[in-house]
file coords13.cif (mmCIF, C-alpha atoms)
data_structure
loop_
_atom_site.label_atom_id
_atom_site.label_comp_id
_atom_site.auth_asym_id
_atom_site.auth_seq_id
_atom_site.Cartn_x
_atom_site.Cartn_y
_atom_site.Cartn_z
CA ASP G 118 25.99 29.96 -4.57
CA PRO G 119 27.80 27.28 -2.50
CA ALA G 120 24.70 26.55 -0.39
CA LEU G 121 22.57 25.98 -3.50
CA GLN G 122 25.22 23.77 -5.08
CA ALA G 123 25.46 21.68 -1.92
CA SER G 124 21.68 21.41 -1.75
CA VAL G 125 21.38 20.22 -5.36
CA LEU G 126 24.21 17.73 -4.90
CA THR G 127 22.56 16.46 -1.70
CA THR G 128 19.34 15.80 -3.63
CA LEU G 129 21.20 13.90 -6.34
CA ILE G 130 23.09 11.77 -3.81
CA ARG G 131 19.98 11.03 -1.78
CA THR G 132 18.21 9.89 -4.94
CA GLU G 133 21.06 7.50 -5.72
CA VAL G 134 21.14 6.26 -2.12
CA LEU G 135 17.39 5.68 -2.17
CA ARG G 136 17.58 3.65 -5.36
CA GLN G 137 20.48 1.59 -4.06
CA ALA G 138 18.52 0.95 -0.88
CA ALA G 139 15.57 -0.26 -2.96
CA GLU G 140 17.86 -2.59 -4.88
CA ASP G 141 19.35 -3.85 -1.62
CA ARG G 142 15.84 -4.71 -0.37
CA SER G 143 14.74 -6.11 -3.78
CA ILE G 144 12.04 -3.46 -4.08
CA GLU G 145 10.73 -2.71 -7.55
CA VAL G 146 8.49 0.24 -8.31
CA GLY G 147 6.24 0.14 -11.36
CA ASP G 148 3.67 2.29 -13.13
CA GLU G 149 0.96 1.43 -10.61
CA GLU G 150 2.93 2.72 -7.62
CA ILE G 151 3.99 5.87 -9.48
CA SER G 152 0.40 6.47 -10.56
CA GLU G 153 -0.71 6.23 -6.95
CA GLN G 154 1.86 8.83 -5.93
CA ARG G 155 0.71 11.12 -8.74
CA LYS G 156 -2.91 10.74 -7.64
CA THR G 157 -1.98 11.67 -4.06
CA LEU G 158 -0.04 14.71 -5.28
CA VAL G 159 -2.88 15.91 -7.51
CA GLU G 160 -5.34 15.65 -4.63
CA SER G 161 -3.02 17.47 -2.22
CA VAL G 162 -2.58 20.52 -4.48
CA GLY G 163 -6.23 20.84 -5.48
CA GLY G 164 -6.44 19.15 -8.87
CA GLN G 165 -4.52 18.54 -12.09
CA GLU G 166 -4.88 22.13 -13.31
CA ALA G 167 -3.33 23.46 -10.09
CA LEU G 168 -0.49 20.94 -10.38
CA ASP G 169 0.19 21.95 -13.99
CA GLU G 170 0.43 25.59 -12.93
CA MET G 171 2.81 24.75 -10.09
CA LEU G 172 5.07 22.72 -12.36
CA ALA G 173 5.10 25.48 -14.97
CA ASP G 174 5.94 28.14 -12.35
CA ALA G 175 8.75 25.98 -10.97
CA ASN G 176 9.95 25.04 -14.49
CA VAL G 177 9.70 21.34 -13.67
CA SER G 178 9.32 18.98 -16.61
CA ASP G 179 7.05 15.95 -16.57
CA GLU G 180 10.16 13.75 -16.74
CA GLU G 181 11.53 15.39 -13.60
CA LEU G 182 8.17 14.98 -11.88
CA GLU G 183 8.08 11.32 -12.88
CA ALA G 184 11.52 10.75 -11.37
CA ASN G 185 10.44 12.46 -8.16
CA LEU G 186 7.27 10.36 -7.98
CA MET G 187 9.37 7.23 -8.42
CA ASP G 188 11.55 8.26 -5.48
CA GLN G 189 8.44 8.91 -3.40
CA ALA G 190 7.07 5.49 -4.33
CA ILE G 191 10.37 3.84 -3.37
CA GLN G 192 10.39 5.64 -0.02
CA THR G 193 6.80 4.60 0.62
CA ALA G 194 7.59 0.97 -0.23
CA ILE G 195 10.61 0.90 2.09
CA SER G 196 8.65 2.64 4.86
CA ASP G 197 5.84 0.11 4.53
CA GLU G 198 8.31 -2.73 5.00
CA LEU G 199 9.76 -1.08 8.09
CA SER G 200 6.46 -0.10 9.67
CA SER G 201 5.50 -1.54 13.03
CA GLU G 202 2.08 -1.80 14.63
CA VAL G 203 0.98 0.91 17.06
CA SER G 204 -0.60 -0.55 20.18
CA ASP G 205 -3.90 0.50 21.74
CA GLU G 206 -1.94 1.50 24.86
CA GLN G 207 0.22 3.90 22.83
CA VAL G 208 -2.85 5.49 21.27
CA ARG G 209 -4.54 5.91 24.65
CA ALA G 210 -1.34 7.37 26.16
CA ALA G 211 -1.04 9.92 23.34
CA PHE G 212 -4.61 11.03 24.03
CA THR G 213 -4.15 11.20 27.80
CA GLU G 214 -0.77 12.94 27.84
CA ASP G 215 -1.60 15.22 24.88
CA PRO G 216 1.57 17.40 25.10
CA GLN G 217 0.39 19.70 22.31
CA GLY G 218 -3.01 20.24 23.86
CA GLN G 219 -4.89 19.01 20.81
CA TYR G 220 -7.60 16.99 22.53
CA GLY G 221 -8.27 18.57 25.93
CA GLU G 222 -10.55 21.43 26.86
CA LYS G 223 -9.65 24.91 25.66
CA VAL G 224 -10.59 28.45 26.52
CA GLU G 225 -10.92 31.31 24.06
CA VAL G 226 -8.97 34.24 25.47
CA ARG G 227 -8.21 37.85 24.66
CA HIS G 228 -5.57 39.80 26.54
CA ILE G 229 -3.75 43.09 26.91
CA LEU G 230 -0.02 42.97 27.64
CA THR G 231 1.71 45.94 29.26
CA LYS G 232 5.21 46.68 30.51
CA SER G 233 4.11 47.82 33.97
CA GLU G 234 1.49 46.89 36.53
CA GLU G 235 0.31 50.52 36.51
CA ASP G 236 -0.41 50.36 32.77
CA ALA G 237 -2.29 47.08 33.24
CA GLN G 238 -4.38 48.68 35.97
CA THR G 239 -5.09 51.64 33.69
CA ALA G 240 -6.32 49.23 31.00
CA ILE G 241 -8.67 47.59 33.52
CA GLU G 242 -10.04 50.96 34.63
CA ARG G 243 -10.71 52.03 31.04
CA ILE G 244 -12.60 48.81 30.30
CA GLU G 245 -14.60 49.01 33.54
CA ALA G 246 -15.46 52.61 32.65
CA GLY G 247 -17.14 51.38 29.47
CA GLU G 248 -14.47 51.26 26.76
CA GLU G 249 -14.41 48.21 24.52
CA PHE G 250 -11.75 45.64 25.46
CA SER G 251 -10.69 45.42 21.80
CA GLU G 252 -10.13 49.17 21.52
CA VAL G 253 -8.08 49.32 24.71
CA ALA G 254 -6.01 46.35 23.47
CA LYS G 255 -5.29 48.07 20.17
CA ASP G 256 -4.30 51.24 22.03
CA MET G 257 -2.24 49.81 24.90
CA SER G 258 -1.11 46.22 24.32
CA THR G 259 2.58 45.66 23.65
CA ASP G 260 1.72 42.29 22.08
CA THR G 261 1.37 43.84 18.64
CA GLY G 262 0.26 40.62 16.97
CA SER G 263 -2.82 40.12 19.11
CA ALA G 264 -3.40 43.87 19.58
CA GLU G 265 -4.32 44.14 15.90
CA ARG G 266 -7.04 41.56 16.56
CA GLY G 267 -8.35 43.38 19.61
CA GLY G 268 -6.29 41.17 21.91
CA GLU G 269 -7.72 37.90 20.60
CA LEU G 270 -5.46 34.88 21.16
CA GLY G 271 -7.99 32.29 20.04
CA PRO G 272 -8.46 28.93 21.79
CA ILE G 273 -5.59 27.91 24.07
CA ALA G 274 -5.13 24.49 25.65
CA ARG G 275 -4.20 23.89 29.26
CA GLY G 276 -0.45 23.80 29.75
CA THR G 277 0.46 25.52 26.48
CA THR G 278 1.13 28.99 27.93
CA VAL G 279 3.25 30.19 30.87
CA GLU G 280 1.98 28.91 34.22
CA ALA G 281 0.60 32.14 35.71
CA PHE G 282 -1.32 33.00 32.54
CA ASP G 283 -2.49 29.42 32.15
CA ASN G 284 -3.85 29.22 35.69
CA ALA G 285 -5.62 32.58 35.40
CA ALA G 286 -7.23 31.71 32.09
CA PHE G 287 -8.58 28.33 33.22
CA ASP G 288 -9.73 29.59 36.62
CA ALA G 289 -11.62 32.58 35.17
CA GLU G 290 -15.34 32.67 34.52
CA GLU G 291 -16.45 33.50 31.01
CA GLY G 292 -16.68 37.29 30.63
CA GLU G 293 -14.68 37.96 33.82
CA LEU G 294 -11.94 40.60 33.61
CA VAL G 295 -8.77 39.22 35.25
CA GLY G 296 -5.49 40.94 36.08
CA PRO G 297 -2.95 42.29 36.36
CA ILE G 298 -1.14 38.95 35.96
CA GLU G 299 2.66 39.12 36.01
CA THR G 300 4.68 36.83 33.75
CA GLU G 301 8.14 36.97 32.22
CA PHE G 302 6.60 38.92 29.33
CA GLY G 303 5.06 41.70 31.41
CA PHE G 304 1.65 42.29 32.96
CA HIS G 305 -1.52 40.83 31.44
CA VAL G 306 -5.18 41.70 31.58
CA LEU G 307 -7.28 38.87 30.20
CA GLU G 308 -10.84 37.90 29.50
CA VAL G 309 -12.18 34.45 28.66
CA THR G 310 -14.69 34.84 25.83
CA GLY G 311 -15.61 31.21 25.31
CA GLN G 312 -14.91 27.60 26.18
CA VAL G 313 -14.25 24.61 23.95
CA ALA G 314 -15.00 21.13 25.28
CA GLY G 315 -12.34 18.45 25.04
CA ALA G 316 -12.59 15.74 22.41
CA GLU G 317 -13.99 12.28 23.09
CA PHE G 318 -11.39 9.52 22.71
CA SER G 319 -13.62 7.56 20.36
CA ASP G 320 -13.84 10.55 18.02
CA VAL G 321 -10.08 11.02 17.64
CA GLU G 322 -8.71 7.50 18.20
CA LYS G 323 -8.34 6.80 14.48
CA ASP G 324 -6.58 10.11 13.80
CA ILE G 325 -4.17 9.57 16.69
CA ARG G 326 -3.33 6.07 15.49
CA THR G 327 -2.66 7.40 11.98
CA GLN G 328 -0.38 10.14 13.34
CA LEU G 329 1.57 7.70 15.52
CA GLU G 330 1.95 5.21 12.68
CA SER G 331 3.16 7.95 10.34
CA ALA G 332 5.68 9.25 12.90
CA ALA G 333 6.97 5.75 13.68
CA GLN G 334 7.23 4.94 9.99
CA GLY G 335 9.16 8.15 9.28
CA GLN G 336 11.57 7.51 12.16
CA ALA G 337 12.15 3.91 11.08
CA PHE G 338 12.88 5.05 7.51
CA ASN G 339 15.32 7.75 8.67
CA ASP G 340 17.10 5.30 10.96
CA TYR G 341 17.36 2.74 8.17
CA ILE G 342 18.71 5.23 5.61
CA THR G 343 21.25 6.61 8.09
CA GLU G 344 22.51 3.08 8.78
CA PHE G 345 22.49 2.19 5.06
CA VAL G 346 24.47 5.30 4.18
CA SER G 347 27.10 4.48 6.82
CA GLY G 348 27.98 1.40 4.76
CA LEU G 349 28.48 3.33 1.52
CA GLU G 350 31.54 5.10 0.17
CA ILE G 351 30.46 8.59 -0.87
CA GLU G 352 33.04 11.03 -2.16
CA VAL G 353 32.32 14.71 -2.76
CA ASN G 354 34.52 17.09 -4.71
CA PRO G 355 35.86 19.49 -2.03
CA ARG G 356 34.86 22.49 -4.14
CA TYR G 357 31.21 21.59 -3.34
CA GLY G 358 31.74 20.80 0.34
CA THR G 359 32.03 17.71 2.51
CA TRP G 360 29.75 14.72 2.97
CA ASP G 361 28.02 14.34 6.35
CA ALA G 362 26.69 10.80 6.70
CA GLN G 363 24.74 11.59 9.88
CA SER G 364 22.56 14.25 8.24
CA VAL G 365 22.81 12.52 4.83
CA SER G 366 23.75 15.80 3.19
CA VAL G 367 26.56 17.82 1.67
CA VAL G 368 27.84 20.57 3.93
CA PRO G 369 28.91 23.55 1.78
CA PRO G 370 32.48 24.78 2.19
CA GLN G 371 33.15 27.73 4.45
CA PRO G 372 34.39 30.84 2.65
CA SER G 373 37.94 30.21 3.85
CA GLU G 374 37.76 26.61 2.59
CA ALA G 375 36.48 27.40 -0.90
CA PRO G 376 39.17 27.14 -3.61
CA SER G 377 40.06 30.44 -5.19
CA ALA G 378 39.14 31.08 -8.82
CA PRO G 379 41.93 30.48 -11.32
CA ALA G 380 43.74 33.57 -12.59
CA LEU G 381 42.58 34.79 -15.98
CA PRO G 382 45.02 35.29 -18.84
CA PRO G 383 46.09 38.87 -19.52
CA GLY G 384 43.41 40.82 -21.39
CA LEU G 385 40.53 38.71 -20.03
CA SER G 386 40.33 40.22 -16.53
#
call {"tool": "encode", "arguments": {"input": "coords13.cif", "output": "structure tokens"}}
result
Amino acid sequence: DPALQASVLTTLIRTEVLRQAAEDRSIEVGDEEISEQRKTLVESVGGQEALDEMLADANVSDEELEANLMDQAIQTAISDELSSEVSDEQVRAAFTEDPQGQYGEKVEVRHILTKSEEDAQTAIERIEAGEEFSEVAKDMSTDTGSAERGGELGPIARGTTVEAFDNAAFDAEEGELVGPIETEFGFHVLEVTGQVAGAEFSDVEKDIRTQLESAAQGQAFNDYITEFVSGLEIEVNPRYGTWDAQSVSVVPPQPSEAPSAPALPPGLS
């Protein structure tokens, strides 16, 4: 499998690059740093027993795990050296702008999506006549994912859905049946079933700072490794692909580029 071979070779090269980078920066990783990485891993998977099962299932030896933990420790040490302080202004801006809608108010919404306005109107009439919204959603909604849940979309943040739907959802009163609303996906009938208050800045400031620091650290590490790799001579046997310094990976050969298998002697075909 050329893709698998390229992937394995990429891992081996990245390991060598990482260790050369550590040497270049005079970074030494010892038992204490590796032990800290092991502790973090054990906690993340739910305990030592769970880790042992995962390693056994993946056929990973303790020696291989130890080597991986060393690489993680080296990466952490380099990242720590490259880290820069996140300002209070950056934290406040991340909270205020909130592009993913993590911290602002949310509304809990269920909807029915139909192909035509007539079908949407039929759904409204059935609900107003006494049928349960969830049953009409299961019967009529073309959004099969939410239809199975009776139309439930869960909490949505302002600005995270298409504009017409977003406006309707945040303008609606709780329990109000709204629609038909036309979007690029079809015609919606929606109902707001609950509201979730936005977070207080003081409650999430620490989490935001941690996220920003982690993102900045990761970007700084990637930038450093990309620059470091550009100064190295890395040769890859063409049968496994070509080296791409920008992505720091081996690109597998295309079928037309792969060398053909040698002919077998007579009697061995």
call {"tool": "closest_residue", "arguments": {"input": "coords13.cif", "among": "G:Asp288, G:Thr261, G:Glu308, G:Ile325", "to": "Ile244 (chain G)", "atoms": "only C-alpha atoms"}}
result
G:Glu308
call {"tool": "atom_distance", "arguments": {"input": "coords13.cif", "atom1": "CA of Phe250 (chain G)", "atom2": "CA of Thr300 (chain G)"}}
result
20.4 Å
call {"tool": "resolve_selection", "arguments": {"input": "coords13.cif", "expression": "the PyMOL selection byres ((chain G and resi 331-340) around 9)", "output": "mmCIF file with C-alpha atoms, in the frame of the given file"}}
result
data_model
loop_
_atom_site.group_PDB
_atom_site.id
_atom_site.type_symbol
_atom_site.label_atom_id
_atom_site.label_comp_id
_atom_site.auth_asym_id
_atom_site.auth_seq_id
_atom_site.Cartn_x
_atom_site.Cartn_y
_atom_site.Cartn_z
ATOM 1 C CA GLN G 192 10.390 5.640 -0.020
ATOM 2 C CA ILE G 195 10.610 0.900 2.090
ATOM 3 C CA SER G 196 8.650 2.640 4.860
ATOM 4 C CA ASP G 197 5.840 0.110 4.530
ATOM 5 C CA LEU G 199 9.760 -1.080 8.090
ATOM 6 C CA SER G 200 6.460 -0.100 9.670
ATOM 7 C CA SER G 201 5.500 -1.540 13.030
ATOM 8 C CA VAL G 203 0.980 0.910 17.060
ATOM 9 C CA ARG G 326 -3.330 6.070 15.490
ATOM 10 C CA THR G 327 -2.660 7.400 11.980
ATOM 11 C CA GLN G 328 -0.380 10.140 13.340
ATOM 12 C CA LEU G 329 1.570 7.700 15.520
ATOM 13 C CA GLU G 330 1.950 5.210 12.680
ATOM 14 C CA TYR G 341 17.360 2.740 8.170
ATOM 15 C CA ILE G 342 18.710 5.230 5.610
ATOM 16 C CA THR G 343 21.250 6.610 8.090
ATOM 17 C CA GLU G 344 22.510 3.080 8.780
ATOM 18 C CA PHE G 345 22.490 2.190 5.060
#
call {"tool": "resolve_selection", "arguments": {"input": "coords13.cif", "expression": "the PyMOL selection byres ((chain G and resi 153) around 12)", "output": "number ranges by chain"}}
result
G: 146-152, 154-160, 183, 186-187, 189-191, 193-194
call {"tool": "resolve_selection", "arguments": {"input": "coords13.cif", "expression": "the PyMOL selection byres ((chain G and resi 293) around 10)", "output": "PyMOL selection string"}}
result
chain G and resi 286+289-292+294-296+307-310
call {"tool": "axis_aligned_box", "arguments": {"input": "coords13.cif", "around": "region 121-138 of chain G", "padding_each_side": "5 Å", "output": "AutoDock Vina command-line options"}}
result
--center_x 21.4 --center_y 13.5 --center_z -3.6 --size_x 18.1 --size_y 35.0 --size_z 15.5
call {"tool": "atom_distance", "arguments": {"input": "coords13.cif", "atom1": "CA of Glu181 (chain G)", "atom2": "CA of Leu129 (chain G)"}}
result
12.2 Å
call {"tool": "residues_near_point", "arguments": {"input": "coords13.cif", "point": "(32.5, 20.5, -2.1)", "cutoff": "12 Å", "atoms": "all atoms listed in the file", "output": "VMD selection string"}}
result
chain G and resid 118 to 127 352 to 361 366 to 372 374 to 376
call {"tool": "atom_distance", "arguments": {"input": "coords13.cif", "atom1": "CA of Ala210 (chain G)", "atom2": "CA of Thr278 (chain G)"}}
result
21.8 Å
call {"tool": "residues_near_point", "arguments": {"input": "coords13.cif", "point": "(-2.4, 48.2, 29.2)", "cutoff": "9 Å", "atoms": "all atoms listed in the file", "output": "ChimeraX atom specification"}}
result
/G:229-241,253-254,256-259,304-306
call {"tool": "residues_around", "arguments": {"input": "coords13.cif", "residues": "Thr132 (chain G)", "least_positions_apart": "4", "cutoff": "9 Å", "atoms": "all atoms listed in the file", "output": "ChimeraX atom specification"}}
result
/G:127-128,136-137,185,188
call {"tool": "closest_residue", "arguments": {"input": "coords13.cif", "among": "G:Glu222, G:Leu172, G:Arg275, G:Ala281", "to": "Pro297 (chain G)", "atoms": "all atoms listed in the file"}}
result
G:Ala281
call {"tool": "closest_residue", "arguments": {"input": "coords13.cif", "among": "G:Ser347, G:Ser251, G:Gln219, G:Ser161", "to": "Val134 (chain G)", "atoms": "only C-alpha atoms"}}
result
G:Ser347
call {"tool": "residues_around", "arguments": {"input": "coords13.cif", "residues": "Phe212 (chain G)", "least_positions_apart": "4", "cutoff": "10 Å", "atoms": "all atoms listed in the file", "output": "PDB file with C-alpha atoms, keeping the file's coordinate frame"}}
result
ATOM      1  CA  GLU G 206      -1.940   1.500  24.860  1.00  0.00           C
ATOM      2  CA  GLN G 207       0.220   3.900  22.830  1.00  0.00           C
ATOM      3  CA  VAL G 208      -2.850   5.490  21.270  1.00  0.00           C
ATOM      4  CA  PRO G 216       1.570  17.400  25.100  1.00  0.00           C
ATOM      5  CA  GLY G 218      -3.010  20.240  23.860  1.00  0.00           C
ATOM      6  CA  GLN G 219      -4.890  19.010  20.810  1.00  0.00           C
ATOM      7  CA  TYR G 220      -7.600  16.990  22.530  1.00  0.00           C
ATOM      8  CA  GLY G 221      -8.270  18.570  25.930  1.00  0.00           C
ATOM      9  CA  ALA G 316     -12.590  15.740  22.410  1.00  0.00           C
ATOM     10  CA  GLU G 317     -13.990  12.280  23.090  1.00  0.00           C
ATOM     11  CA  PHE G 318     -11.390   9.520  22.710  1.00  0.00           C
ATOM     12  CA  VAL G 321     -10.080  11.020  17.640  1.00  0.00           C
ATOM     13  CA  GLU G 322      -8.710   7.500  18.200  1.00  0.00           C
ATOM     14  CA  ILE G 325      -4.170   9.570  16.690  1.00  0.00           C
ATOM     15  CA  ARG G 326      -3.330   6.070  15.490  1.00  0.00           C
TER      16      ARG G 326
END
call {"tool": "build_atoms", "arguments": {"input": "coords13.cif", "residues": "region 314-325 of chain G", "atoms": "all heavy atoms", "output": "tab-separated table (two decimals), in the coordinates of the input"}}
result
chain	number	residue	atom	x	y	z
G	314	ALA	N	-15.06	22.43	24.59
G	314	ALA	CA	-15.00	21.13	25.28
G	314	ALA	C	-13.91	20.25	24.68
G	314	ALA	O	-13.59	20.35	23.49
G	314	ALA	CB	-16.35	20.43	25.19
G	315	GLY	N	-13.34	19.39	25.52
G	315	GLY	CA	-12.34	18.45	25.04
G	315	GLY	C	-12.95	17.38	24.15
G	315	GLY	O	-14.16	17.13	24.18
G	316	ALA	N	-12.12	16.77	23.34
G	316	ALA	CA	-12.59	15.74	22.41
G	316	ALA	C	-12.85	14.43	23.14
G	316	ALA	O	-12.23	14.13	24.17
G	316	ALA	CB	-11.56	15.52	21.32
G	317	GLU	N	-13.77	13.64	22.60
G	317	GLU	CA	-13.99	12.28	23.09
G	317	GLU	C	-12.96	11.35	22.44
G	317	GLU	O	-12.67	11.48	21.25
G	317	GLU	CB	-15.41	11.82	22.74
G	317	GLU	CG	-16.51	12.59	23.43
G	317	GLU	CD	-16.55	12.34	24.94
G	317	GLU	OE1	-16.08	11.27	25.35
G	317	GLU	OE2	-17.02	13.23	25.67
G	318	PHE	N	-12.43	10.43	23.23
G	318	PHE	CA	-11.39	9.52	22.71
G	318	PHE	C	-11.87	8.78	21.47
G	318	PHE	O	-11.12	8.65	20.49
G	318	PHE	CB	-10.98	8.53	23.79
G	318	PHE	CG	-9.96	7.52	23.33
G	318	PHE	CD1	-8.67	7.91	23.04
G	318	PHE	CD2	-10.31	6.18	23.17
G	318	PHE	CE1	-7.72	6.99	22.60
G	318	PHE	CE2	-9.37	5.26	22.74
G	318	PHE	CZ	-8.08	5.66	22.46
G	319	SER	N	-13.10	8.34	21.49
G	319	SER	CA	-13.62	7.56	20.36
G	319	SER	C	-13.65	8.37	19.07
G	319	SER	O	-13.56	7.81	17.97
G	319	SER	CB	-15.02	7.04	20.67
G	319	SER	OG	-15.90	8.13	20.98
G	320	ASP	N	-13.76	9.70	19.20
G	320	ASP	CA	-13.84	10.55	18.02
G	320	ASP	C	-12.48	10.80	17.37
G	320	ASP	O	-12.40	11.13	16.18
G	320	ASP	CB	-14.47	11.90	18.37
G	320	ASP	CG	-15.94	11.77	18.77
G	320	ASP	OD1	-16.58	10.81	18.31
G	320	ASP	OD2	-16.42	12.62	19.54
G	321	VAL	N	-11.41	10.69	18.17
G	321	VAL	CA	-10.08	11.02	17.64
G	321	VAL	C	-9.13	9.83	17.64
G	321	VAL	O	-7.98	9.95	17.21
G	321	VAL	CB	-9.46	12.17	18.47
G	321	VAL	CG1	-10.27	13.44	18.32
G	321	VAL	CG2	-9.32	11.79	19.94
G	322	GLU	N	-9.60	8.68	18.10
G	322	GLU	CA	-8.71	7.50	18.20
G	322	GLU	C	-8.07	7.16	16.85
G	322	GLU	O	-6.86	6.92	16.77
G	322	GLU	CB	-9.51	6.31	18.72
G	322	GLU	CG	-8.68	5.03	18.84
G	322	GLU	CD	-9.49	3.85	19.34
G	322	GLU	OE1	-10.74	4.00	19.51
G	322	GLU	OE2	-8.89	2.79	19.55
G	323	LYS	N	-8.87	7.16	15.80
G	323	LYS	CA	-8.34	6.80	14.48
G	323	LYS	C	-7.28	7.79	14.02
G	323	LYS	O	-6.24	7.40	13.48
G	323	LYS	CB	-9.49	6.74	13.47
G	323	LYS	CG	-9.06	6.28	12.07
G	323	LYS	CD	-10.26	6.18	11.14
G	323	LYS	CE	-9.81	5.76	9.74
G	323	LYS	NZ	-10.98	5.67	8.81
G	324	ASP	N	-7.54	9.09	14.21
G	324	ASP	CA	-6.58	10.11	13.80
G	324	ASP	C	-5.27	9.99	14.58
G	324	ASP	O	-4.18	10.14	14.01
G	324	ASP	CB	-7.17	11.51	14.01
G	324	ASP	CG	-8.30	11.83	13.05
G	324	ASP	OD1	-8.36	11.16	12.00
G	324	ASP	OD2	-9.10	12.72	13.35
G	325	ILE	N	-5.37	9.72	15.88
G	325	ILE	CA	-4.17	9.57	16.69
G	325	ILE	C	-3.35	8.37	16.22
G	325	ILE	O	-2.13	8.45	16.10
G	325	ILE	CB	-4.54	9.41	18.19
G	325	ILE	CG1	-5.20	10.68	18.71
G	325	ILE	CG2	-3.30	9.07	19.02
G	325	ILE	CD1	-5.71	10.56	20.13
